[in-house]
Amino acid sequence: MSTHSQDRSALIAELGSDPVRGLRASEADKRLSENGANKLQEKKKRSMLLRFLDQFKDAMILILIAAAIVSFAIACYEGNPKEFFEPALILAIVILNAVMGVFQESKAEKALDALKNMSAPHARVIRDGVETIIPAADLVVGDIIKLEAGDFVPADARLLLSASLKSEESALTGESVPSEKDAEAEVSENAPIGDRTNMVFSGCSITYGTATAIVTATGMQTEMGKIAGLLNSENDGQTPLQQKLAKLGKYLGFVALGACAVIFAVGLANGMHVMEIFMTAVSLAVSAIPEGLPAIVTIVLSIGVQRMVKKNAIIRRLPAVETLGSASIICSDKTGTLTQNRMTLVKAYDSLAEQSEDISGENTDPIRKLLRFGTLCSNGAIAFEGDAVRHIGDPTETAIVFAAHRNGMEKDALNQSYPRLAEIPFDSDRKLMTTVNKIDGKLVVIVKGAFDMLAQRCVGGNIDAARAQNDAMSREALRVLAIAAKEIDALPAEITSETLEDGLTLLGLVGMIDPPRPEAKAAVAVCRKAGIKPVMITGDHVVTASAIARQLGILEDGDRAITGAELDAMSEQELDQSVREIAVYARVSPENKIRIVRAWQKKGEVVSMTGDGVNDAPALKAADIGCAMGITGTDVAKGAADMTLTDDNFATIVDAVREGRGIYANIKKVVGFLLGTNIGEVLTVFLAMILWQKTPLLSMQLLWINLVTDSLPAIALGMEAVEPGVMERKPKPKDEGIFANGLGVRICLQGCMFAALTLIAFRLGESMTGLLEGGQTAAFMVLALTQIVQAYNQRSERSLFAIGPFGNRTLNLAALASLALVAIVLFTPVSAAFGLIRLPGKLYAILVGLIFVPLAAMEAAKLFGLIRPEHRRKQK
């Protein structure tokens with residue numbers, strides 16, 4: 001039997017403890033040595049060396065390393081110092097990529113550290129009949145602990161005694177108000193965490209009252225520990241972009257190996273020297289592999305991250321930027337994410353006049369009286385810190401106090417004018433709180449609490465009309481409190497419920513709610529326009545959750561709202577069939593949240609999970625991308641998430657999705673640019689070898705092109721502004737390849753164009769100079785500079801002149817830098833190290849003409865509709 005449903009006496013006996021004297025110190029020490037400290041276990045972290053070595057698992061990098069090793073061996077064999085330049089350059093590039101990869105890896109395992117920090121550092125415990133304070137880590141099962149308002153709960157515990165106890169559990173259960181606790185409560189075996197009112201849980205806090213409890217679970221066995229275990233069990237899966245680039249690396253590796261095999265066969269058949277054939281094969285491998293692609297994509301993502309920081313979104317793992325842009329489902333927690341996580345009084349009902357009003361700053365006198373009496377009968381307070389309002393105490397009371405403040409009635413001034421003479425604190429049996437105040441020279445008893453409990457104590461006011469109003473407010477998901485009063489001649493000898501809480505006149509009702517964020521409704525509408533389905537997942541009650549979801553546009557006609565218990569009763573097949581119809585999940589557990597995320601993922605959707613509490617952390621980590629709240633969010637949620645919203649604004653997600661889509665579009669431009677030019681290089685080397693048994697470009701020349709005229713413009717392309725219309729199309733399908741919508745075909749055609757132009761330049765250079773080096777110089781110049789021109793073509797699928805040819809200032813600077821670096825290699829003494837020579841002036845003029853052919857070709861393709869903007873294409 002569970003600790004929350006077991007008889008208290010039986011539980012104490014089973015745990016071998018004494019409710020008065022507690023455990024013996026010797027027994028506590030024995031249990032501590034047997035079961036371990038009351039701490040959360042931490043997943044072993046990978047060393048920096050292992051992270052560095054992981055960077056070399058990429059197929060593209062391995063092929064480059066192999067080429068460098070063989071080139072180094074050849075240089076040693078031939079004994080020519082100049083030959084060491086090439087393998088050294090290759091290895092330098094590979095190591096640079098690895099170092100960048102390690103430093104950009106931002107998914108640090110902070111979630112468990114945050115959980116540990118949330119645990120109470122000390123605990124008040126009774127051992128050997130003496131109350132003492134010990135480190136929370138030394139607590140063991142069976143310890144008797146004492147709790148009071150302001151304490152963090154150091155371990156899961158069953159209540160033995162309680163007085164007006166309330167525990168703040170929103171981080172664990174998602175409830176926006178403290179949970180009322182009662183040691184006498186009988187709880188069923190299968191009750192969810194939020195309904196276990198006779199238990200308190202590790203990492204939560206006591207907001208009201210006092211208690212004595214017996215520890216039932218410590219460390220990883222607590223509910224907090226189970227969440228830590230869920231975090232450990234969730235693997236960090238690759239994002240779609242990582243998977244696509246990994247596949248791309250393998251494909252390019254196979255292409256390079258196949259082409260090298262053909263080169264060897266052709267070379268041997270034509271009687272070429274083996275070393276010469278090998279060096280040509282190395283050139284081919286270098287040209288086939290865009291070795292800068294992983295680093296450049298990382299840089300583009302980093303640039304996107306910097307943009308998103310300016311829009312209040314902090315990305316903790318770079319590839320997650322692309323995933324966010326692909327998100328088709330946003331599973332959002334309600335409390336603190338879609339709502340303000342602050343109870344707000346929105347409606348009041350005057351029982352005497354039988355009329356209701358919305359709360360404003362100018363309410364009528366009867367409603368102002370109701371608010372004044374409610375404030376006098378409250379212990380909560382508000383404090384102003386600049387423009388911010390801090391609510392101190394019970395949220396339902398601070399909601400009343402703030403409503404009175406809006407109407408010009410300050411709590412301190414009211415308490416001074418109408419002093420409190422007596423008080424009966426709230427308790428969960430009566431569900432009432434009572435004060436006696438001196439008002440205008442009279443003693444007035446003020447009682448507030450649950451309507452059903454208060455109504456039976458009233459003799460004045462229209463109870464039936466008030467009951468109808470109470471039911472109406474409840475249907476609107478409002479939390480309703482009733483306020484009643486009576487005058488007395490003198491304070492009774494004993495201040496008890498029996499002497500004060502009867503013969504009352506019902507003054508009215510106040511209705512409050514944790515209201516939706518003002519910007520959340522617009523954000524939900526934009527999400528729907530962008531083809532993204534929002535889903536609410538919360539620990540709150542289904543009626544409240546449904547009302548908020550309907551206000552925000554999350555719950556629409558035909559959608560369903562279910563509870564965690566109903567979800568538990570569903571089989572996997574039933575959930576798979578129903579998941580698209582369910583828009584609201586209420587009273588859910590952390591395990592439920594992971595199950596919901598995975599159900600959507602089975603449908604091929606890219607799932608984003610937003611949340612702020614500890615209870616969100618496992619699902620944040622299981623989702624394709626997790627978004628944590630930065631202000632109200634716990635450190636646990638932030639540590640498990642991929643992205644943190646620094647302003648806790650749901651609307652920021654819309655901006656983040658827009659940026660994510662724009663960044664992915666820029667990555668496609670970069671990949672298209674790099675692969676188009678690389679295909680041109682491969683075809684150039686391959687065809688020249690097949691047709692003429694000659695090498696048109698040396699490997700070091702190709703590396704220089706890949707680093708200088710590929711990398712700099714590619715990085716600049718990644719800084720292109722987000723194009724209009726990006727939020728007017730549906731998310732791309734999860735299984736859509738990076739080469740979809742004709743990109744792959746365009747890359748191949750563009751590669752053929754670059755190869756043709758380079759081979760023409762090679763033949764012209766060789767024939768006009770009579771030297772192989774002349775042909776290689778001409779080929780180098782055309783291939784390098786056509787890539788700079790192509791970078792401008794890749795800026796948009798619209799005409800370059802329609803968007804402004806020089807609108808990307810970074811690209812302009814990159815093009816100038818690339819042009820300067822190519823000129824240095826072509827026209828300075830450095831050219832000798834690269835095997836380049838000077839060309840005749842007439843040839844330079846011809847080559848300049850060839851360089852601008854791609855501009856004319858791409859503009860023609862855009863003009864005749866062969867290349868169209870993506871948002872104009874028909875969506876599936």
# chains A, B, ... in the order shown; residues from 1 in each chain; ligands from 1
$ select_by_dssp --residues "range 587-727 of chain A" --states "strand (DSSP E or B)" --output "PyMOL selection string"
chain A and resi 607-611+625-629+643-645
$ write_last_selection --atoms "N, CA, C and O atoms" --output "PDB file, in the first residue's frame"
ATOM      1  N   VAL A 607       7.833  18.392 -32.215  1.00  0.00           N
ATOM      2  CA  VAL A 607       7.125  18.837 -31.010  1.00  0.00           C
ATOM      3  C   VAL A 607       7.986  19.792 -30.189  1.00  0.00           C
ATOM      4  O   VAL A 607       9.128  19.490 -29.847  1.00  0.00           O
ATOM      5  N   SER A 608       7.404  20.931 -29.891  1.00  0.00           N
ATOM      6  CA  SER A 608       8.020  21.882 -28.967  1.00  0.00           C
ATOM      7  C   SER A 608       7.217  21.853 -27.676  1.00  0.00           C
ATOM      8  O   SER A 608       5.985  21.824 -27.706  1.00  0.00           O
ATOM      9  N   MET A 609       7.904  21.831 -26.548  1.00  0.00           N
ATOM     10  CA  MET A 609       7.244  21.822 -25.242  1.00  0.00           C
ATOM     11  C   MET A 609       7.674  23.061 -24.472  1.00  0.00           C
ATOM     12  O   MET A 609       8.867  23.316 -24.316  1.00  0.00           O
ATOM     13  N   THR A 610       6.718  23.851 -24.039  1.00  0.00           N
ATOM     14  CA  THR A 610       7.050  25.023 -23.235  1.00  0.00           C
ATOM     15  C   THR A 610       6.593  24.794 -21.806  1.00  0.00           C
ATOM     16  O   THR A 610       5.595  24.107 -21.562  1.00  0.00           O
ATOM     17  N   GLY A 611       7.330  25.346 -20.860  1.00  0.00           N
ATOM     18  CA  GLY A 611       6.946  25.186 -19.466  1.00  0.00           C
ATOM     19  C   GLY A 611       7.895  25.903 -18.543  1.00  0.00           C
ATOM     20  O   GLY A 611       8.918  26.446 -18.974  1.00  0.00           O
ATOM     21  N   ILE A 625      12.190  20.148 -29.169  1.00  0.00           N
ATOM     22  CA  ILE A 625      12.792  21.361 -28.602  1.00  0.00           C
ATOM     23  C   ILE A 625      11.988  21.785 -27.390  1.00  0.00           C
ATOM     24  O   ILE A 625      10.761  21.853 -27.427  1.00  0.00           O
ATOM     25  N   GLY A 626      12.688  22.038 -26.289  1.00  0.00           N
ATOM     26  CA  GLY A 626      12.037  22.476 -25.071  1.00  0.00           C
ATOM     27  C   GLY A 626      12.267  23.957 -24.845  1.00  0.00           C
ATOM     28  O   GLY A 626      13.375  24.453 -25.025  1.00  0.00           O
ATOM     29  N   CYS A 627      11.199  24.665 -24.463  1.00  0.00           N
ATOM     30  CA  CYS A 627      11.281  26.110 -24.212  1.00  0.00           C
ATOM     31  C   CYS A 627      10.921  26.376 -22.751  1.00  0.00           C
ATOM     32  O   CYS A 627       9.800  26.096 -22.339  1.00  0.00           O
ATOM     33  N   ALA A 628      11.861  26.913 -21.986  1.00  0.00           N
ATOM     34  CA  ALA A 628      11.608  27.215 -20.583  1.00  0.00           C
ATOM     35  C   ALA A 628      11.396  28.704 -20.387  1.00  0.00           C
ATOM     36  O   ALA A 628      11.895  29.522 -21.160  1.00  0.00           O
ATOM     37  N   MET A 629      10.644  29.044 -19.345  1.00  0.00           N
ATOM     38  CA  MET A 629      10.419  30.442 -18.992  1.00  0.00           C
ATOM     39  C   MET A 629      11.602  30.948 -18.163  1.00  0.00           C
ATOM     40  O   MET A 629      12.051  30.268 -17.231  1.00  0.00           O
ATOM     41  N   MET A 643      15.779  26.054 -25.148  1.00  0.00           N
ATOM     42  CA  MET A 643      15.627  27.495 -25.304  1.00  0.00           C
ATOM     43  C   MET A 643      14.966  28.066 -24.053  1.00  0.00           C
ATOM     44  O   MET A 643      14.099  27.428 -23.468  1.00  0.00           O
ATOM     45  N   THR A 644      15.395  29.262 -23.655  1.00  0.00           N
ATOM     46  CA  THR A 644      14.785  29.952 -22.522  1.00  0.00           C
ATOM     47  C   THR A 644      14.247  31.294 -22.994  1.00  0.00           C
ATOM     48  O   THR A 644      14.951  32.045 -23.668  1.00  0.00           O
ATOM     49  N   LEU A 645      12.987  31.572 -22.658  1.00  0.00           N
ATOM     50  CA  LEU A 645      12.364  32.845 -23.007  1.00  0.00           C
ATOM     51  C   LEU A 645      12.592  33.813 -21.846  1.00  0.00           C
ATOM     52  O   LEU A 645      12.013  33.648 -20.774  1.00  0.00           O
TER      53      LEU A 645
END
$ closest_atom_pairs --of "range 513-546 of chain A" --to "range 581-590 of chain A" --cutoff "12 Å" --atoms "only C-alpha atoms" --output "JSON lines"
{"residue": "A:Lys533", "atom": "CA", "partner": "A:Ala583", "partner_atom": "CA", "distance": 8.6}
{"residue": "A:Pro534", "atom": "CA", "partner": "A:Ala583", "partner_atom": "CA", "distance": 7.3}
{"residue": "A:Val535", "atom": "CA", "partner": "A:Ala583", "partner_atom": "CA", "distance": 4.8}
{"residue": "A:Met536", "atom": "CA", "partner": "A:Val584", "partner_atom": "CA", "distance": 4.7}
{"residue": "A:Ile537", "atom": "CA", "partner": "A:Tyr585", "partner_atom": "CA", "distance": 4.8}
{"residue": "A:Thr538", "atom": "CA", "partner": "A:Ala586", "partner_atom": "CA", "distance": 5.0}
{"residue": "A:Gly539", "atom": "CA", "partner": "A:Arg587", "partner_atom": "CA", "distance": 4.0}
{"residue": "A:Asp540", "atom": "CA", "partner": "A:Arg587", "partner_atom": "CA", "distance": 5.4}
{"residue": "A:His541", "atom": "CA", "partner": "A:Ala586", "partner_atom": "CA", "distance": 5.7}
{"residue": "A:Val542", "atom": "CA", "partner": "A:Ala586", "partner_atom": "CA", "distance": 4.9}
{"residue": "A:Val543", "atom": "CA", "partner": "A:Ala586", "partner_atom": "CA", "distance": 8.6}
{"residue": "A:Thr544", "atom": "CA", "partner": "A:Ala586", "partner_atom": "CA", "distance": 8.9}
{"residue": "A:Ala545", "atom": "CA", "partner": "A:Ala586", "partner_atom": "CA", "distance": 6.6}
{"residue": "A:Ser546", "atom": "CA", "partner": "A:Val584", "partner_atom": "CA", "distance": 6.7}
$ write_last_selection --atoms "N, CA and C atoms" --output "compact mmCIF listing (two decimals), in the first residue's frame"
# COMPACT_ATOMS: atom_id res chain seq x y z
N LYS A 533 -0.08 23.66 -34.30
CA LYS A 533 -1.18 23.37 -33.38
C LYS A 533 -0.73 23.54 -31.94
N PRO A 534 -1.37 24.45 -31.18
CA PRO A 534 -1.03 24.59 -29.76
C PRO A 534 -1.82 23.58 -28.92
N VAL A 535 -1.16 22.99 -27.93
CA VAL A 535 -1.79 22.02 -27.02
C VAL A 535 -1.45 22.44 -25.60
N MET A 536 -2.47 22.50 -24.73
CA MET A 536 -2.25 22.86 -23.34
C MET A 536 -2.09 21.60 -22.49
N ILE A 537 -1.01 21.56 -21.72
CA ILE A 537 -0.76 20.45 -20.79
C ILE A 537 -0.53 21.06 -19.42
N THR A 538 -1.37 20.71 -18.44
CA THR A 538 -1.30 21.39 -17.15
C THR A 538 -1.64 20.45 -16.01
N GLY A 539 -1.20 20.82 -14.84
CA GLY A 539 -1.56 20.08 -13.63
C GLY A 539 -2.82 20.61 -12.99
N ASP A 540 -3.39 21.66 -13.56
CA ASP A 540 -4.58 22.29 -12.99
C ASP A 540 -5.83 21.46 -13.32
N HIS A 541 -6.97 21.88 -12.78
CA HIS A 541 -8.23 21.17 -13.00
C HIS A 541 -8.71 21.36 -14.43
N VAL A 542 -9.47 20.38 -14.92
CA VAL A 542 -9.86 20.38 -16.33
C VAL A 542 -10.82 21.52 -16.66
N VAL A 543 -11.68 21.90 -15.71
CA VAL A 543 -12.63 22.99 -15.98
C VAL A 543 -11.89 24.31 -16.15
N THR A 544 -10.95 24.56 -15.23
CA THR A 544 -10.16 25.79 -15.32
C THR A 544 -9.32 25.81 -16.58
N ALA A 545 -8.66 24.69 -16.86
CA ALA A 545 -7.80 24.61 -18.04
C ALA A 545 -8.60 24.80 -19.32
N SER A 546 -9.78 24.20 -19.39
CA SER A 546 -10.61 24.31 -20.59
C SER A 546 -11.08 25.74 -20.81
$ atom_distance --atom1 "CA of Gln787 in chain A" --atom2 "CA of Ala92 in chain A"
23.3 Å
$ residues_around --residues "Ala791 in chain A" --least-positions-apart "4" --cutoff "7 Å" --atoms "only C-alpha atoms" --output "ChimeraX atom specification"
/A:673,713,787,795
$ write_last_selection --atoms "N, CA and C atoms" --output "PDB file, in the first residue's frame"
ATOM      1  N   PHE A 673      24.621  26.706 -51.778  1.00  0.00           N
ATOM      2  CA  PHE A 673      25.786  27.423 -52.311  1.00  0.00           C
ATOM      3  C   PHE A 673      27.042  26.544 -52.234  1.00  0.00           C
ATOM      4  N   PRO A 713      31.730  34.033 -47.984  1.00  0.00           N
ATOM      5  CA  PRO A 713      30.392  34.356 -48.493  1.00  0.00           C
ATOM      6  C   PRO A 713      29.303  33.489 -47.873  1.00  0.00           C
ATOM      7  N   GLN A 787      32.105  31.679 -57.724  1.00  0.00           N
ATOM      8  CA  GLN A 787      31.474  31.364 -56.445  1.00  0.00           C
ATOM      9  C   GLN A 787      31.076  32.634 -55.694  1.00  0.00           C
ATOM     10  N   ARG A 795      21.093  34.665 -52.461  1.00  0.00           N
ATOM     11  CA  ARG A 795      20.464  35.467 -51.415  1.00  0.00           C
ATOM     12  C   ARG A 795      18.958  35.259 -51.341  1.00  0.00           C
TER      13      ARG A 795
END
$ residues_around --residues "range 345-359 of chain A" --least-positions-apart "2" --cutoff "6 Å" --atoms "only C-alpha atoms" --output "JSON, numbers by chain"
{"A": [399, 461, 507, 508, 509, 510, 511, 512]}
$ atom_distance --atom1 "CA of Ser164 in chain A" --atom2 "CA of Glu180 in chain A"
7.7 Å
